[in-house]
$ cat upload_1.cif   # mmCIF, C-alpha atoms
data_query
#
loop_
_atom_site.label_atom_id
_atom_site.label_comp_id
_atom_site.auth_asym_id
_atom_site.auth_seq_id
_atom_site.Cartn_x
_atom_site.Cartn_y
_atom_site.Cartn_z
CA MET A 946 64.03 71.37 27.57
CA VAL A 947 64.46 67.71 26.64
CA SER A 948 64.63 67.13 22.90
CA ARG A 949 62.92 64.21 21.22
CA ARG A 950 64.77 61.78 18.98
CA GLY A 951 63.51 60.08 15.87
CA PRO A 952 64.00 56.34 15.17
CA ILE A 953 67.36 56.79 13.42
CA ALA A 954 68.73 59.08 16.15
CA THR A 955 67.51 56.62 18.81
CA LEU A 956 69.27 53.74 17.07
CA LEU A 957 72.43 55.82 16.82
CA LEU A 958 72.23 56.60 20.55
CA TYR A 959 71.88 52.87 21.26
CA VAL A 960 75.06 52.23 19.24
CA LYS A 961 76.81 54.95 21.23
CA GLY A 962 75.69 53.17 24.39
CA LEU A 963 77.27 49.99 23.02
CA SER A 964 80.55 51.83 22.48
CA VAL A 965 80.52 53.28 26.01
CA GLY A 966 79.70 49.84 27.45
CA VAL A 967 82.54 48.20 25.54
CA SER A 968 85.01 50.83 26.75
CA ASP A 969 83.93 50.21 30.35
CA LEU A 970 85.03 46.58 30.02
CA VAL A 971 88.64 47.53 29.31
CA PRO A 972 90.79 48.60 32.28
CA GLY A 973 92.61 51.80 31.41
CA PHE A 974 90.03 53.17 28.98
CA SER A 975 87.40 55.54 30.30
CA GLY A 976 83.72 55.29 29.45
CA GLY A 977 83.65 59.04 30.02
CA THR A 978 86.27 59.46 27.32
CA MET A 979 84.19 57.43 24.89
CA ALA A 980 81.10 59.47 25.79
CA LEU A 981 83.12 62.61 25.07
CA VAL A 982 84.27 61.20 21.72
CA VAL A 983 80.78 60.24 20.52
CA GLY A 984 79.38 63.60 21.61
CA ILE A 985 77.05 62.63 24.47
CA TYR A 986 79.14 63.50 27.54
CA PRO A 987 77.43 66.87 28.35
CA GLU A 988 73.99 65.29 27.90
CA ILE A 989 74.91 62.40 30.20
CA ILE A 990 76.00 64.81 32.94
CA ALA A 991 72.86 66.94 32.48
CA ALA A 992 70.59 63.89 32.50
CA ILE A 993 72.06 62.38 35.64
CA SER A 994 72.13 65.67 37.53
CA SER A 995 68.44 66.25 36.68
CA PHE A 996 67.49 63.56 39.22
CA SER A 997 68.04 66.10 41.98
CA ASP A 998 66.24 68.98 40.22
CA ARG A 999 63.26 70.44 42.06
CA SER A 1000 60.92 70.04 39.07
CA PHE A 1001 61.71 66.31 38.78
CA LEU A 1002 61.28 65.71 42.53
CA GLN A 1003 57.97 67.60 42.55
CA ALA A 1004 56.64 65.56 39.63
CA LEU A 1005 57.72 62.40 41.42
CA ARG A 1006 56.01 63.40 44.67
CA ARG A 1007 52.81 64.19 42.80
CA ARG A 1008 53.04 60.81 41.04
CA ARG A 1009 53.26 62.40 37.59
CA LEU A 1010 55.45 59.57 36.40
CA ARG A 1011 55.34 60.41 32.71
CA GLU A 1012 56.38 64.00 33.40
CA ALA A 1013 59.11 62.84 35.79
CA PHE A 1014 60.40 60.40 33.17
CA ARG A 1015 60.63 63.22 30.63
CA LEU A 1016 62.28 65.67 33.05
CA CYS A 1017 65.04 63.23 33.97
CA HIS A 1018 65.88 62.61 30.29
CA GLY A 1019 64.34 59.16 30.66
CA PRO A 1020 64.24 58.22 26.94
CA PHE A 1021 67.89 59.24 26.55
CA LEU A 1022 69.09 57.37 29.64
CA LEU A 1023 66.97 54.30 28.85
CA THR A 1024 68.30 53.97 25.29
CA LEU A 1025 71.88 54.66 26.35
CA GLY A 1026 71.60 52.28 29.30
CA LEU A 1027 70.22 49.49 27.12
CA GLY A 1028 73.18 49.85 24.79
CA MET A 1029 75.66 49.78 27.69
CA VAL A 1030 74.02 46.76 29.34
CA THR A 1031 73.89 44.91 26.02
CA ALA A 1032 77.61 45.46 25.50
CA ILE A 1033 78.55 44.47 29.05
CA VAL A 1034 76.38 41.33 29.18
CA LEU A 1035 77.05 40.03 25.67
CA LEU A 1036 80.67 41.12 25.25
CA ALA A 1037 82.07 40.38 28.72
CA PRO A 1038 83.22 36.87 27.65
CA LEU A 1039 84.78 38.32 24.46
CA ALA A 1040 86.52 41.04 26.47
CA THR A 1041 87.88 38.43 28.85
CA TYR A 1042 89.19 36.36 25.93
CA LEU A 1043 90.84 39.30 24.15
CA LEU A 1044 92.39 40.69 27.34
CA THR A 1045 93.72 37.22 28.17
CA HIS A 1046 95.13 36.26 24.77
CA PHE A 1047 95.78 39.63 23.05
CA PRO A 1048 96.36 42.18 25.84
CA LEU A 1049 98.95 44.22 23.93
CA HIS A 1050 96.81 44.39 20.78
CA VAL A 1051 93.83 45.63 22.81
CA ALA A 1052 96.08 48.15 24.58
CA ALA A 1053 97.47 49.41 21.26
CA PHE A 1054 94.03 50.03 19.77
CA PHE A 1055 92.81 51.78 22.90
CA PHE A 1056 96.01 53.84 23.09
CA GLY A 1057 95.08 55.26 19.71
CA LEU A 1058 91.53 55.90 20.90
CA VAL A 1059 92.71 57.72 24.03
CA LEU A 1060 95.35 59.74 22.14
CA ALA A 1061 92.82 61.02 19.63
CA SER A 1062 90.30 61.57 22.44
CA ALA A 1063 92.74 64.00 24.05
CA LEU A 1064 92.76 66.01 20.80
CA VAL A 1065 88.96 65.98 20.69
CA ALA A 1066 88.63 67.02 24.33
CA GLY A 1067 91.20 69.80 23.94
CA GLY A 1068 89.32 71.09 20.92
CA LEU A 1069 86.26 71.70 23.08
CA VAL A 1070 88.08 74.38 25.09
CA ARG A 1071 86.90 77.71 23.73
CA ARG A 1072 89.84 79.79 24.94
CA TRP A 1073 93.22 78.61 26.23
CA GLY A 1074 94.35 81.03 28.93
CA ARG A 1075 96.88 80.77 31.75
CA THR A 1076 94.46 78.84 33.97
CA GLU A 1077 93.75 76.24 31.27
CA LEU A 1078 97.45 75.88 30.43
CA LEU A 1079 98.18 75.26 34.12
CA LEU A 1080 95.34 72.76 34.68
CA LEU A 1081 96.24 70.69 31.60
CA PRO A 1082 99.59 69.39 32.95
CA LEU A 1083 98.20 69.11 36.49
CA GLY A 1084 95.45 66.81 35.23
CA ALA A 1085 97.95 64.81 33.17
CA ILE A 1086 100.31 64.35 36.11
CA GLY A 1087 97.48 63.38 38.45
CA ALA A 1088 96.10 60.75 36.06
CA PHE A 1089 99.62 59.50 35.23
CA VAL A 1090 100.37 58.86 38.93
CA LEU A 1091 96.93 57.38 39.63
CA VAL A 1092 96.97 54.82 36.83
CA GLY A 1093 100.45 53.70 37.92
CA LEU A 1094 99.25 52.60 41.34
CA ALA A 1095 99.35 48.88 42.09
CA PRO A 1096 96.18 46.95 43.02
CA THR A 1097 95.63 46.44 46.74
CA GLU A 1098 93.94 43.71 48.76
CA THR A 1099 90.45 44.77 49.82
CA PRO A 1100 87.43 43.27 51.67
CA SER A 1101 84.81 41.27 49.78
CA GLY A 1102 81.71 42.16 51.81
CA PRO A 1103 78.57 43.79 50.32
CA LEU A 1104 79.31 47.19 51.90
CA PHE A 1105 82.72 47.38 50.27
CA LEU A 1106 81.20 46.29 46.95
CA VAL A 1107 78.80 49.24 47.25
CA LEU A 1108 81.75 51.56 47.89
CA ALA A 1109 83.69 50.05 44.96
CA GLY A 1110 80.71 50.58 42.65
CA ALA A 1111 80.40 54.21 43.72
CA ILE A 1112 84.10 54.91 43.15
CA ALA A 1113 84.10 53.14 39.78
CA VAL A 1114 81.11 55.08 38.48
CA CYS A 1115 82.52 58.40 39.68
CA ALA A 1116 85.65 57.61 37.68
CA LEU A 1117 83.47 56.74 34.69
CA VAL A 1118 82.03 60.27 34.75
CA LEU A 1119 85.56 61.70 34.52
CA PRO A 1120 87.05 61.34 31.01
CA GLY A 1121 90.52 59.84 31.25
CA LEU A 1122 89.83 57.85 34.41
CA SER A 1123 88.57 54.33 33.85
CA GLY A 1124 85.86 52.91 36.08
CA SER A 1125 87.05 49.39 35.35
CA PHE A 1126 90.60 50.41 36.23
CA MET A 1127 89.40 51.73 39.59
CA LEU A 1128 87.91 48.28 40.16
CA VAL A 1129 91.34 46.83 39.32
CA LEU A 1130 92.94 49.07 41.96
CA LEU A 1131 90.32 47.89 44.46
CA SER A 1132 90.90 44.22 43.46
CA LYS A 1133 87.30 43.90 42.30
CA TYR A 1134 87.56 43.94 38.49
CA ASP A 1135 87.97 40.16 38.12
CA VAL A 1136 85.22 39.67 40.71
CA ALA A 1137 82.84 41.97 38.82
CA LEU A 1138 83.63 40.47 35.40
CA ALA A 1139 83.14 36.93 36.70
CA ALA A 1140 79.88 37.96 38.37
CA VAL A 1141 78.52 39.39 35.10
CA THR A 1142 79.50 36.24 33.21
CA ALA A 1143 78.02 33.91 35.89
CA ARG A 1144 74.98 36.17 36.60
CA ASP A 1145 76.00 36.36 40.28
CA PHE A 1146 73.54 38.95 41.59
CA GLY A 1147 75.04 38.77 45.07
CA VAL A 1148 77.94 40.77 43.61
CA ILE A 1149 76.14 42.60 40.79
CA VAL A 1150 73.43 44.20 42.97
CA PRO A 1151 75.78 45.85 45.53
CA LEU A 1152 78.02 47.14 42.73
CA MET A 1153 75.01 48.60 40.89
CA LEU A 1154 73.65 50.15 44.08
CA GLY A 1155 76.98 51.82 44.74
CA GLY A 1156 77.10 53.00 41.14
CA VAL A 1157 73.67 54.63 41.40
CA LEU A 1158 74.55 56.37 44.68
CA GLY A 1159 77.91 57.53 43.37
CA ILE A 1160 76.77 58.86 40.03
CA LEU A 1161 73.74 60.75 41.39
CA SER A 1162 75.94 62.67 43.81
CA PHE A 1163 79.03 63.19 41.66
CA ALA A 1164 77.31 64.05 38.39
CA ARG A 1165 75.60 67.00 40.07
CA VAL A 1166 78.98 68.42 41.02
CA MET A 1167 80.37 67.85 37.52
CA SER A 1168 77.35 69.53 35.93
CA TYR A 1169 77.84 72.62 38.08
CA LEU A 1170 81.57 72.81 37.39
CA LEU A 1171 81.14 72.39 33.62
CA LYS A 1172 78.53 75.17 33.54
CA ARG A 1173 80.43 77.56 35.82
CA TYR A 1174 84.01 76.79 34.73
CA HIS A 1175 83.64 75.33 31.24
CA ASP A 1176 87.12 75.92 29.80
CA PRO A 1177 89.16 75.20 32.97
CA MET A 1178 87.26 71.96 33.59
CA LEU A 1179 87.67 70.76 30.02
CA ALA A 1180 91.39 71.60 30.15
CA LEU A 1181 91.68 69.56 33.36
CA LEU A 1182 89.71 66.68 31.81
CA THR A 1183 91.96 66.81 28.74
CA GLY A 1184 94.93 66.44 31.08
CA PHE A 1185 93.28 63.41 32.67
CA VAL A 1186 92.92 61.83 29.24
CA VAL A 1187 96.58 62.52 28.37
CA GLY A 1188 97.84 61.13 31.68
CA SER A 1189 95.77 57.97 31.33
CA LEU A 1190 97.80 57.02 28.23
CA ARG A 1191 100.30 55.46 30.64
CA LYS A 1192 97.90 52.60 31.37
CA VAL A 1193 97.36 51.59 27.73
CA TRP A 1194 100.94 51.94 26.42
CA PRO A 1195 101.28 48.64 24.49
CA TYR A 1196 105.07 48.33 24.23
CA THR A 1197 106.33 46.57 27.34
CA GLN A 1198 109.27 44.44 28.42
CA ALA A 1199 109.03 40.69 28.93
CA ASP A 1200 107.53 41.22 32.38
CA GLY A 1201 104.52 42.87 30.74
CA VAL A 1202 104.82 45.90 33.03
CA SER A 1203 108.08 47.79 32.41
CA PRO A 1204 107.77 50.21 29.47
CA ALA A 1205 109.71 49.68 26.27
CA TRP A 1206 109.90 51.58 22.99
CA PRO A 1207 108.97 50.28 19.53
CA TRP A 1208 112.32 51.14 17.93
CA LEU A 1209 114.10 48.91 20.50
CA SER A 1210 112.05 45.89 19.43
CA VAL A 1211 112.64 43.62 16.45
CA GLY A 1212 110.08 41.77 14.33
CA PRO A 1213 106.60 42.36 12.91
CA GLU A 1214 104.81 42.71 16.28
CA PRO A 1215 105.74 46.40 16.87
CA LEU A 1216 104.40 47.26 13.43
CA VAL A 1217 101.12 45.46 14.13
CA LEU A 1218 100.73 47.36 17.39
CA ALA A 1219 101.54 50.63 15.62
CA ALA A 1220 98.90 49.88 12.97
CA LEU A 1221 96.31 49.25 15.68
CA MET A 1222 97.23 52.53 17.36
CA VAL A 1223 96.74 54.37 14.06
CA ALA A 1224 93.42 52.57 13.56
CA GLY A 1225 92.28 53.80 17.00
CA VAL A 1226 93.23 57.39 16.16
CA VAL A 1227 91.46 57.25 12.79
CA ALA A 1228 88.30 55.74 14.35
CA VAL A 1229 87.99 58.59 16.87
CA LEU A 1230 88.71 61.34 14.35
CA LEU A 1231 86.12 59.91 11.95
CA LEU A 1232 83.55 59.75 14.77
CA ASP A 1233 84.32 63.32 15.77
CA ARG A 1234 84.08 64.54 12.18
CA ALA A 1235 80.76 62.73 11.67
CA GLY A 1236 79.41 64.17 14.91
CA LYS A 1237 80.34 67.73 13.93
CA ARG A 1238 78.80 67.23 10.50
CA ARG A 1239 75.51 66.04 12.07
CA ALA A 1240 75.58 68.99 14.48
CA ARG A 1241 76.00 71.46 11.61
CA ALA A 1242 73.19 69.80 9.67
CA ALA A 1243 70.87 69.94 12.69
CA ALA A 1244 71.67 73.60 13.48
CA PRO A 1245 68.98 76.06 12.39
CA GLU A 1246 69.86 78.27 9.46
CA PRO A 1247 70.27 81.97 10.28
CA ALA A 1248 67.33 84.12 9.35
CA LEU A 1249 67.76 86.29 6.27
CA PRO A 1250 67.54 90.04 6.84
CA ALA A 1251 64.24 91.56 5.80
#
$ encode --input "upload_1.cif" --output "structure tokens"
Amino acid sequence: MVSRRGPIATLLLYVKGLSVGVSDLVPGFSGGTMALVVGIYPEIIAAISSFSDRSFLQALRRRRLREAFRLCHGPFLLTLGLGMVTAIVLLAPLATYLLTHFPLHVAAFFFGLVLASALVAGGLVRRWGRTELLLLPLGAIGAFVLVGLAPTETPSGPLFLVLAGAIAVCALVLPGLSGSFMLVLLSKYDVALAAVTARDFGVIVPLMLGGVLGILSFARVMSYLLKRYHDPMLALLTGFVVGSLRKVWPYTQADGVSPAWPWLSVGPEPLVLAALMVAGVVAVLLLDRAGKRRARAAAPEPALPA
């Protein structure tokens, strides 16, 4: 059953779409992680996977477009998508500027976001058993190794752009793995960002086509796994989030790559970065607390015994 949203809830969903879109612009930070933080990750997976449901396909074949739109969570996806597109189109130049001139400051803030996101994701596991405790470090190690890979030279043809879009969107669905970072690994992040800024649809269209194909196939798998293996999957996803911290560690040597530690540095800059990290943690925890408060307020009150 697809729930309806009032005007305030719709506006809030649009703002959440903005936050997911902004996170997708930053290599190393996962849009899936942000969706998890703002409390819409399960609904995103359910909405996307509904495109292959029999009821939706039957409504589409019978040309019941209004029913099909409702069954595929159309209002939810439309509002969320508008927020994401708004952020990507309007904030791409700002993201480029900040990443060019203040890369460590951006990394510090997002490190705090990711760190707190790991706490939020881990809190969604209902019961920590041996399986969950094993999958947590496996996910962390896998993400840690993956985000440490160096970008490679890749083709620039439309078919490869479709493949890159599919891989990037599949990573977006996984909290802890950044779709934009996957584009970096495929040497297509700068190409995609420049295409969005210049409105180059020769690049944008293949990437979007790949994204649609990738997310429709992969989200179905994720929906099944989350329903069938809720706690193990969330433990694995929490590990992904923890391992991805490697990519946004802000304290680096002069080469900008080799890791350093704040207590080995001198001057005000380490303190500024630390403050931004704390700000990221506080922002996520406040969002999580507000989301839980809204959920409790929306929950029906238990019936009194007769």
$ resolve_selection --input "upload_1.cif" --expression "the PyMOL selection byres ((chain A and resi 1134-1149) around 10)" --output "compact mmCIF listing (two decimals) with C-alpha atoms, keeping the file's coordinate frame"
# COMPACT_ATOMS: atom_id res chain seq x y z
CA LEU A 970 85.03 46.58 30.02
CA VAL A 971 88.64 47.53 29.31
CA PRO A 972 90.79 48.60 32.28
CA ILE A 1033 78.55 44.47 29.05
CA VAL A 1034 76.38 41.33 29.18
CA LEU A 1035 77.05 40.03 25.67
CA LEU A 1036 80.67 41.12 25.25
CA ALA A 1037 82.07 40.38 28.72
CA PRO A 1038 83.22 36.87 27.65
CA ALA A 1040 86.52 41.04 26.47
CA THR A 1041 87.88 38.43 28.85
CA SER A 1101 84.81 41.27 49.78
CA GLY A 1102 81.71 42.16 51.81
CA PRO A 1103 78.57 43.79 50.32
CA LEU A 1106 81.20 46.29 46.95
CA VAL A 1107 78.80 49.24 47.25
CA ALA A 1109 83.69 50.05 44.96
CA GLY A 1110 80.71 50.58 42.65
CA ALA A 1113 84.10 53.14 39.78
CA GLY A 1124 85.86 52.91 36.08
CA SER A 1125 87.05 49.39 35.35
CA PHE A 1126 90.60 50.41 36.23
CA MET A 1127 89.40 51.73 39.59
CA LEU A 1128 87.91 48.28 40.16
CA VAL A 1129 91.34 46.83 39.32
CA LEU A 1130 92.94 49.07 41.96
CA LEU A 1131 90.32 47.89 44.46
CA SER A 1132 90.90 44.22 43.46
CA LYS A 1133 87.30 43.90 42.30
CA VAL A 1150 73.43 44.20 42.97
CA PRO A 1151 75.78 45.85 45.53
CA LEU A 1152 78.02 47.14 42.73
CA MET A 1153 75.01 48.60 40.89
CA LEU A 1154 73.65 50.15 44.08
$ atom_distance --input "upload_1.cif" --atom1 "atom CA of A:Gly1057" --atom2 "atom CA of A:Val1092"
17.2 Å
$ resolve_selection --input "upload_1.cif" --expression "the PyMOL selection byres ((chain A and resi 1026) around 10)" --output "list in words"
Leu958, Tyr959, Lys961, Gly962, Leu963, Val965, Gly966, Pro1020, Phe1021, Leu1022, Leu1023, Thr1024, Leu1025, Leu1027, Gly1028, Met1029, Val1030, Thr1031 and Ala1032 of chain A
$ closest_atom_pairs --input "upload_1.cif" --of "stretch 1135-1178 of chain A" --to "stretch 988-1001 of chain A" --cutoff "6 Å" --atoms "only C-alpha atoms" --output "Markdown table"
| residue | atom | partner | partner_atom | distance |
| --- | --- | --- | --- | --- |
| A:Ala1164 | CA | A:Ser994 | CA | 5.5 |
| A:Arg1165 | CA | A:Ser994 | CA | 4.5 |
| A:Ser1168 | CA | A:Ile990 | CA | 5.7 |
$ atom_distance --input "upload_1.cif" --atom1 "atom CA of A:Leu957" --atom2 "atom CA of A:Leu1064"
23.1 Å
$ atom_distance --input "upload_1.cif" --atom1 "atom CA of A:Lys1192" --atom2 "atom CA of A:Leu1091"
9.6 Å
$ resolve_selection --input "upload_1.cif" --expression "the PyMOL selection byres ((chain A and resi 1071) around 10)" --output "PDB file with C-alpha atoms, in the coordinates of the input"
ATOM      1  CA  GLY A1067      91.200  69.800  23.940  1.00  0.00           C
ATOM      2  CA  GLY A1068      89.320  71.090  20.920  1.00  0.00           C
ATOM      3  CA  LEU A1069      86.260  71.700  23.080  1.00  0.00           C
ATOM      4  CA  VAL A1070      88.080  74.380  25.090  1.00  0.00           C
ATOM      5  CA  ARG A1072      89.840  79.790  24.940  1.00  0.00           C
ATOM      6  CA  TRP A1073      93.220  78.610  26.230  1.00  0.00           C
ATOM      7  CA  GLY A1074      94.350  81.030  28.930  1.00  0.00           C
ATOM      8  CA  HIS A1175      83.640  75.330  31.240  1.00  0.00           C
ATOM      9  CA  ASP A1176      87.120  75.920  29.800  1.00  0.00           C
ATOM     10  CA  PRO A1177      89.160  75.200  32.970  1.00  0.00           C
ATOM     11  CA  LEU A1179      87.670  70.760  30.020  1.00  0.00           C
ATOM     12  CA  ALA A1180      91.390  71.600  30.150  1.00  0.00           C
TER      13      ALA A1180
END
$ build_atoms --input "upload_1.cif" --residues "stretch 1082-1108 of chain A" --atoms "N, CA and C atoms" --output "CSV table (one decimal), keeping the file's coordinate frame"
chain,number,residue,atom,x,y,z
A,1082,PRO,N,98.5,70.3,32.4
A,1082,PRO,CA,99.6,69.4,33.0
A,1082,PRO,C,99.3,68.8,34.3
A,1083,LEU,N,98.6,69.6,35.2
A,1083,LEU,CA,98.2,69.1,36.5
A,1083,LEU,C,97.3,67.9,36.4
A,1084,GLY,N,96.3,68.0,35.5
A,1084,GLY,CA,95.4,66.8,35.2
A,1084,GLY,C,96.2,65.6,34.7
A,1085,ALA,N,97.2,65.9,33.8
A,1085,ALA,CA,98.0,64.8,33.2
A,1085,ALA,C,98.8,64.1,34.2
A,1086,ILE,N,99.5,64.9,35.1
A,1086,ILE,CA,100.3,64.4,36.1
A,1086,ILE,C,99.5,63.5,37.1
A,1087,GLY,N,98.3,64.1,37.5
A,1087,GLY,CA,97.5,63.4,38.4
A,1087,GLY,C,97.0,62.0,37.9
A,1088,ALA,N,96.6,62.0,36.7
A,1088,ALA,CA,96.1,60.8,36.1
A,1088,ALA,C,97.3,59.8,35.9
A,1089,PHE,N,98.4,60.3,35.5
A,1089,PHE,CA,99.6,59.5,35.2
A,1089,PHE,C,100.0,58.8,36.5
A,1090,VAL,N,100.0,59.5,37.6
A,1090,VAL,CA,100.4,58.9,38.9
A,1090,VAL,C,99.3,57.9,39.3
A,1091,LEU,N,98.0,58.2,39.2
A,1091,LEU,CA,96.9,57.4,39.6
A,1091,LEU,C,96.9,56.0,38.9
A,1092,VAL,N,97.1,56.1,37.6
A,1092,VAL,CA,97.0,54.8,36.8
A,1092,VAL,C,98.2,53.9,37.0
A,1093,GLY,N,99.3,54.5,37.6
A,1093,GLY,CA,100.4,53.7,37.9
A,1093,GLY,C,100.4,53.0,39.3
A,1094,LEU,N,99.4,53.2,40.0
A,1094,LEU,CA,99.2,52.6,41.3
A,1094,LEU,C,99.0,51.1,41.2
A,1095,ALA,N,99.5,50.3,42.1
A,1095,ALA,CA,99.4,48.9,42.1
A,1095,ALA,C,98.1,48.5,42.8
A,1096,PRO,N,97.4,47.4,42.3
A,1096,PRO,CA,96.2,47.0,43.0
A,1096,PRO,C,96.5,46.6,44.5
A,1097,THR,N,95.5,46.8,45.3
A,1097,THR,CA,95.6,46.4,46.7
A,1097,THR,C,94.6,45.4,47.1
A,1098,GLU,N,94.9,44.7,48.2
A,1098,GLU,CA,93.9,43.7,48.8
A,1098,GLU,C,92.8,44.4,49.5
A,1099,THR,N,91.6,44.1,49.2
A,1099,THR,CA,90.4,44.8,49.8
A,1099,THR,C,89.4,43.8,50.3
A,1100,PRO,N,88.5,44.2,51.2
A,1100,PRO,CA,87.4,43.3,51.7
A,1100,PRO,C,86.5,42.8,50.5
A,1101,SER,N,85.7,41.8,50.8
A,1101,SER,CA,84.8,41.3,49.8
A,1101,SER,C,83.4,41.3,50.2
A,1102,GLY,N,83.1,42.1,51.3
A,1102,GLY,CA,81.7,42.2,51.8
A,1102,GLY,C,80.8,43.1,51.0
A,1103,PRO,N,79.5,43.0,51.1
A,1103,PRO,CA,78.6,43.8,50.3
A,1103,PRO,C,78.8,45.3,50.5
A,1104,LEU,N,79.1,45.8,51.7
A,1104,LEU,CA,79.3,47.2,51.9
A,1104,LEU,C,80.5,47.7,51.1
A,1105,PHE,N,81.6,46.9,51.1
A,1105,PHE,CA,82.7,47.4,50.3
A,1105,PHE,C,82.4,47.3,48.8
A,1106,LEU,N,81.6,46.4,48.4
A,1106,LEU,CA,81.2,46.3,47.0
A,1106,LEU,C,80.4,47.5,46.6
A,1107,VAL,N,79.5,48.0,47.5
A,1107,VAL,CA,78.8,49.2,47.2
A,1107,VAL,C,79.8,50.4,47.1
A,1108,LEU,N,80.8,50.5,48.0
A,1108,LEU,CA,81.8,51.6,47.9
A,1108,LEU,C,82.5,51.5,46.6
